[in-house]
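Undergrad: Structure incoming, see below.
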Amino acid sequence: MGKLSRLILKRLGLGLITILVVSVLIFFAVELLPGDIAESVLGQGATEETVAAMREQLGLGRPAVVRYFEWLGGAVQGDFGVSLVSGERVSAAISDRFVNTLFLASYAAVIAVPISIILGVFTALYRNTIFDRVANVATLSTISSPEFFLGYILILFLAVRTSMFPAISSLSGSMSFADLLQRTFLPMLTLVLVVTAHMMRMTRAAIINLLASPYIEMARLKGTPPWKVIVKHALPNAWAPIINVVALNLAYLITGVVLVEVVFVYPGIGQLLVDAVAKRDFPVVQACCLIFAATFILLNLAADVGAILTNPRLRHPK
Amino acid sequence: MAIFVILYYSALIGASCLAAYYNKRSAFLLLFSLTLVSFVLGIVGGPSALRTVAIFAGALALAAGTSYAFREFLIQITRPNTARELRTAPLTASFGMFVIFAYTIAGIFAPWIAPHGEAEVIGQAFQPPDQSMILGADQLGRDMFSRIIYGARNSVGLALMATLLAFAMGAFAGLYAAVRGGIFDQILGRIADVIMSIPSLIFALLMLSIFGTGLHVIVIVVAIIYSPRVFRLTRAVAGNIVVMDYIEAAKLRGEGNWYLIRKEILPNATAPLVAEFGLEFCFVFLLIAGLSFLGLGIQPPTADWGSMVRENATLISFGDITPLIPAAAIALLTVAVNFVVDWMLFRSSGLKEQ
């Protein structure tokens, strides 16, 4: 196990370094602004005094490196500073929305993951049949459509023409869970469609890759029944690619969620980010970007660690 | 209505019989299963469902026919070598080529095709379709159809520019890294890792919030975000070529890095790079469409598909599908490019299964 844990520790360390580098990038990108934050937020018409006052308030007089470590220290404790537009604490604006976004993403994941893995395995088993071809064209079209296209199609058919589900996901704290699931059904479905298509194609490719390997052919040639080939021979080696596919697509959900939230006016962190970008509210933009990037990196990390853990060659060293 | 139903079924059954008589197995299966499906749907949903099925099947048949004719046309006009390659193209690929061709024509000749200017206000806001405006007017009373045609020029043009830049940067860096190797290669690789570890849309939003939404900013930011993908692929492909004997021979002849890249590596790396260009274009196109949908892409009054969807989204709540047409245009082009890329990958690489 020594080799295995060393590998995992190495990967975790690499992930941590990546997050740090990305946080540096996110913080210092704002420093690239022509002039500085105060000047660009207040605009051309601002007097010297207001600009100076704002610089004072943001502590811009101190070197950027010092401010970076203060920002990072705060971020680790969940404090992202003060919004430039509303003057509220960023963490207060983010916390509820972050929970909402997580809810939407996990709702979508819970439904998308089993469906896409089962369908992916089936398309791999029955490849080059009419079922596989239809699935191929369907998933390709889904992947190629922008998320907002799928979202509006669903709104048109399931919310406007038949009014089965609400087109706008307004949430309140007092809703029952069933109500919540119904209110967020359409954004969930949009995400599920996109992610399922990706996940199915990747599962299919991984399984086909596996089925082409010589030891599977050997098992077939010695007369093992097909289900046994899959369950006993293919599956133990298939877990690694499948876990990888799942984690990568959950990471993909992170990006997809931004557009979907905007389409359905869902009160999540993606919507907050888009609003903040339009208003150039840098502390909020930085906070949201850091959260999205960190989640993305963590999920990729989980994909790698999962792949290491389920690799039979590493689990049973010679 | 009854006449339509009778005609529909007799046409289907007649065609199935013909196919069966001439031993066209797949055509017969296709036609007859369509007959059965429409039979079930006709009982459940009545003539209107039948009509939908008929329209859908007709559209599919039309697309297949167009792609077949377009492929034959291409085979006729190209030289024998290319023509032989084209013969292997599946219908999906030739459909993709036809769509790309149509978009190119629409983009280049937009001012002649579009009946009105892209920023020209000619009617009331959301005016319904009439003689002069096929698709009606948008939220400011501009002709929707003309704006969609101009969108082919603006949206696709911008995405194409960004892809070209990303490709030039990524491919050059990848080739150079493969030839140079050593610390230079390592540094570029780590930079690519960092850029790829941030979700592309998030990175783009961060950069656009800082540098504003000028066209050149979008092109450069998007190119930086997607060049690492190209870099990795080029680096991998070129890495396999660099160890070949003929490269060694060229080095011993005393050829410089630039010569190696241009004359020895590039010709052998063209096929995967061309396929990657198509894929890359799809990613870039979707990202830029997403950005303009969020109001951060091409700024008004320039016609752009992403922002057109956003601006006219209110119409959807009245059950109107017009705002979805630009979004469908985006999807159609991406599907088309993907179809062509699929075929190229299948032809050029080890994706041939068994």
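Lettering and numbering for the structure tokens are positional, with chains as A, B, ... in the shown order, residues counted from 1 in each chain, and ligands counted from 1 in the shown order.
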Can you list, as a list in words, every protein, DNA or RNA residue that comes within 8 Å of segment 142-151 of chain A when you count only C-alpha atoms, leaving out same-chain residues fewer than 5 positions away?

TA: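 Counting only the stated atoms, we get Leu186, Pro187, Thr190, Leu191, Leu193, Val194, Ala197, His198, Gly256, Leu259, Val260, Val263 and Phe264 of chain A; Cys282, Leu286, Ala289, Gly290, Leu324, Ala327, Ala328, Ile330, Ala331, Leu332, Thr334, Val335 and Asn338 of chain B.
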
Undergrad: Can you pull out every residue within 7 Å of segment 223-233 of chain B, counting only C-alpha atoms, but drop anything in the same chain fewer than 4 positions away, and send it as number ranges by chain?

TA: B: 162-163, 165-167, 169-171, 173-174, 192, 195-196, 200, 219, 237

Undergrad: Output N, CA, C and O atoms for every residue in that selection, as a JSON list (two decimals), in the first residue's frame.

TA:
```
[["chain", "number", "residue", "atom", "x", "y", "z"],
["B", 162, "ALA", "N", -11.12, 33.70, -33.37],
["B", 162, "ALA", "CA", -10.59, 33.23, -32.10],
["B", 162, "ALA", "C", -9.96, 31.84, -32.25],
["B", 162, "ALA", "O", -8.89, 31.58, -31.70],
["B", 163, "THR", "N", -10.63, 30.97, -33.03],
["B", 163, "THR", "CA", -10.09, 29.62, -33.21],
["B", 163, "THR", "C", -8.75, 29.68, -33.93],
["B", 163, "THR", "O", -7.80, 28.99, -33.56],
["B", 165, "LEU", "N", -6.60, 32.07, -33.99],
["B", 165, "LEU", "CA", -5.55, 32.59, -33.10],
["B", 165, "LEU", "C", -5.14, 31.50, -32.10],
["B", 165, "LEU", "O", -3.95, 31.25, -31.89],
["B", 166, "ALA", "N", -6.16, 30.86, -31.48],
["B", 166, "ALA", "CA", -5.86, 29.80, -30.51],
["B", 166, "ALA", "C", -5.02, 28.73, -31.16],
["B", 166, "ALA", "O", -4.06, 28.22, -30.59],
["B", 167, "PHE", "N", -5.39, 28.39, -32.40],
["B", 167, "PHE", "CA", -4.72, 27.32, -33.09],
["B", 167, "PHE", "C", -3.29, 27.71, -33.43],
["B", 167, "PHE", "O", -2.36, 26.92, -33.24],
["B", 169, "MET", "N", -1.40, 29.90, -31.92],
["B", 169, "MET", "CA", -0.59, 29.94, -30.70],
["B", 169, "MET", "C", -0.29, 28.54, -30.20],
["B", 169, "MET", "O", 0.86, 28.18, -29.95],
["B", 170, "GLY", "N", -1.35, 27.74, -30.06],
["B", 170, "GLY", "CA", -1.19, 26.40, -29.48],
["B", 170, "GLY", "C", -0.32, 25.51, -30.34],
["B", 170, "GLY", "O", 0.59, 24.84, -29.84],
["B", 171, "ALA", "N", -0.58, 25.51, -31.65],
["B", 171, "ALA", "CA", 0.16, 24.61, -32.52],
["B", 171, "ALA", "C", 1.62, 25.01, -32.59],
["B", 171, "ALA", "O", 2.52, 24.17, -32.50],
["B", 173, "ALA", "N", 3.37, 26.72, -30.35],
["B", 173, "ALA", "CA", 4.03, 26.42, -29.07],
["B", 173, "ALA", "C", 4.26, 24.91, -28.93],
["B", 173, "ALA", "O", 5.32, 24.48, -28.49],
["B", 174, "GLY", "N", 3.28, 24.12, -29.35],
["B", 174, "GLY", "CA", 3.40, 22.67, -29.23],
["B", 174, "GLY", "C", 4.54, 22.12, -30.08],
["B", 174, "GLY", "O", 5.36, 21.33, -29.62],
["B", 192, "ALA", "N", 0.09, 25.44, -19.48],
["B", 192, "ALA", "CA", -1.12, 24.85, -20.07],
["B", 192, "ALA", "C", -1.96, 24.17, -18.99],
["B", 192, "ALA", "O", -3.19, 24.30, -18.96],
["B", 195, "ILE", "N", -3.93, 26.84, -16.99],
["B", 195, "ILE", "CA", -5.06, 27.42, -17.72],
["B", 195, "ILE", "C", -6.19, 26.40, -17.84],
["B", 195, "ILE", "O", -7.36, 26.73, -17.70],
["B", 196, "MET", "N", -5.83, 25.13, -18.07],
["B", 196, "MET", "CA", -6.87, 24.13, -18.24],
["B", 196, "MET", "C", -7.54, 23.74, -16.93],
["B", 196, "MET", "O", -8.59, 23.09, -16.94],
["B", 200, "SER", "N", -13.56, 26.94, -18.50],
["B", 200, "SER", "CA", -13.34, 27.96, -19.53],
["B", 200, "SER", "C", -14.29, 29.15, -19.40],
["B", 200, "SER", "O", -13.87, 30.30, -19.50],
["B", 219, "VAL", "N", -11.56, 37.90, -28.58],
["B", 219, "VAL", "CA", -10.77, 37.00, -29.41],
["B", 219, "VAL", "C", -9.53, 36.53, -28.66],
["B", 219, "VAL", "O", -9.23, 35.33, -28.59],
["B", 237, "VAL", "N", 1.36, 14.77, -30.67],
["B", 237, "VAL", "CA", 1.55, 14.28, -32.04],
["B", 237, "VAL", "C", 2.99, 14.50, -32.48],
["B", 237, "VAL", "O", 3.67, 13.59, -32.98]]
```

Undergrad: At most 7 Å is the cut-off: for each residue in chain A with any atom that close to an atom of chain B, write down the nearest atom pair and the distance in Å rounded to one decimal, counting only C-alpha atoms, chain first then increasing number, as a Markdown table.

TA:
```
| residue | atom | partner | partner_atom | distance |
| --- | --- | --- | --- | --- |
| A:Thr18 | CA | B:Val194 | CA | 6.6 |
| A:Val22 | CA | B:Val194 | CA | 6.8 |
| A:Val30 | CA | B:Ile210 | CA | 6.2 |
| A:Leu33 | CA | B:Ile210 | CA | 6.2 |
| A:Leu140 | CA | B:Val335 | CA | 6.7 |
| A:Ser141 | CA | B:Val335 | CA | 5.7 |
| A:Ser144 | CA | B:Thr334 | CA | 5.2 |
| A:Ser145 | CA | B:Ala331 | CA | 4.3 |
| A:Pro146 | CA | B:Leu286 | CA | 6.0 |
| A:Phe149 | CA | B:Ala327 | CA | 5.5 |
| A:Leu156 | CA | B:Gly319 | CA | 6.1 |
| A:Val160 | CA | B:Ser317 | CA | 5.9 |
| A:Arg161 | CA | B:Gly319 | CA | 6.3 |
| A:Thr255 | CA | B:Pro199 | CA | 6.2 |
| A:Val277 | CA | B:Ser209 | CA | 4.9 |
| A:Ala278 | CA | B:Ser209 | CA | 6.9 |
| A:Arg280 | CA | B:Ser209 | CA | 5.7 |
| A:Val285 | CA | B:Leu206 | CA | 6.7 |
| A:Cys289 | CA | B:Ile202 | CA | 6.1 |
| A:Ala293 | CA | B:Ile198 | CA | 5.2 |
| A:Phe296 | CA | B:Pro199 | CA | 6.9 |
| A:Ile297 | CA | B:Ser197 | CA | 6.1 |
```

Undergrad: For Glu120 of chain B, find every residue with an atom within 10 Å (counting only C-alpha atoms), except residues of its own chain fewer than 4 positions away, and show them as an MDAnalysis selection string.

TA: chainID B and resid 116 140:143 146:147 301

Undergrad: Would you mind exporting N, CA and C atoms of the selected residues as an mmCIF file, in the first residue's frame?

TA:
```
data_model
loop_
_atom_site.group_PDB
_atom_site.id
_atom_site.type_symbol
_atom_site.label_atom_id
_atom_site.label_comp_id
_atom_site.auth_asym_id
_atom_site.auth_seq_id
_atom_site.Cartn_x
_atom_site.Cartn_y
_atom_site.Cartn_z
ATOM 1 N N HIS B 116 -33.058 43.369 -45.446
ATOM 2 C CA HIS B 116 -32.883 44.656 -44.761
ATOM 3 C C HIS B 116 -31.513 44.690 -44.092
ATOM 4 N N LEU B 140 -36.683 45.556 -31.090
ATOM 5 C CA LEU B 140 -36.598 46.961 -31.469
ATOM 6 C C LEU B 140 -37.241 47.228 -32.821
ATOM 7 N N GLY B 141 -37.881 46.200 -33.405
ATOM 8 C CA GLY B 141 -38.513 46.378 -34.699
ATOM 9 C C GLY B 141 -37.572 46.184 -35.863
ATOM 10 N N ARG B 142 -36.471 45.455 -35.644
ATOM 11 C CA ARG B 142 -35.577 45.156 -36.760
ATOM 12 C C ARG B 142 -35.967 43.794 -37.338
ATOM 13 N N ASP B 143 -35.645 43.605 -38.634
ATOM 14 C CA ASP B 143 -36.057 42.358 -39.282
ATOM 15 C C ASP B 143 -35.252 41.188 -38.737
ATOM 16 N N SER B 146 -33.179 39.087 -41.458
ATOM 17 C CA SER B 146 -31.935 39.734 -41.886
ATOM 18 C C SER B 146 -30.870 39.617 -40.814
ATOM 19 N N ARG B 147 -31.312 39.766 -39.561
ATOM 20 C CA ARG B 147 -30.327 39.709 -38.478
ATOM 21 C C ARG B 147 -29.740 38.304 -38.332
ATOM 22 N N PRO B 301 -25.416 47.418 -31.917
ATOM 23 C CA PRO B 301 -26.517 46.799 -32.659
ATOM 24 C C PRO B 301 -26.066 45.687 -33.599
#
```

Undergrad: So that I can see what lies close to segment 74-80 of chain A, please list as a ChimeraX atom specification the residues with an atom at most 7 Å from it, counting only C-alpha atoms and leaving out residues fewer than 3 positions away in the same chain.

TA: /A:70-71,90-91,283,287

Undergrad: Tell me which protein, DNA and RNA residues are within 9 Å of segment 233-236 of chain A, counting only C-alpha atoms, leaving out same-chain ones fewer than 6 positions away, and put them as a short mmCIF file (atom, residue, chain, number, x, y, z; two decimals) with C-alpha atoms, in the first residue's frame.

TA:
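Final output, result37.cif:
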```cif
data_model
loop_
_atom_site.label_atom_id
_atom_site.label_comp_id
_atom_site.auth_asym_id
_atom_site.auth_seq_id
_atom_site.Cartn_x
_atom_site.Cartn_y
_atom_site.Cartn_z
CA ILE A 207 -15.82 0.40 -22.41
CA LEU A 210 -11.53 -2.08 -22.77
CA LEU A 211 -13.45 -4.66 -24.77
CA TYR A 215 -7.57 -10.55 -22.35
CA ILE A 216 -11.24 -9.94 -23.08
CA ALA A 219 -12.08 -14.82 -22.23
CA THR A 310 -9.70 1.48 -8.47
CA ASN A 311 -6.75 0.48 -10.61
CA PRO A 312 -6.32 -3.24 -9.92
#
```
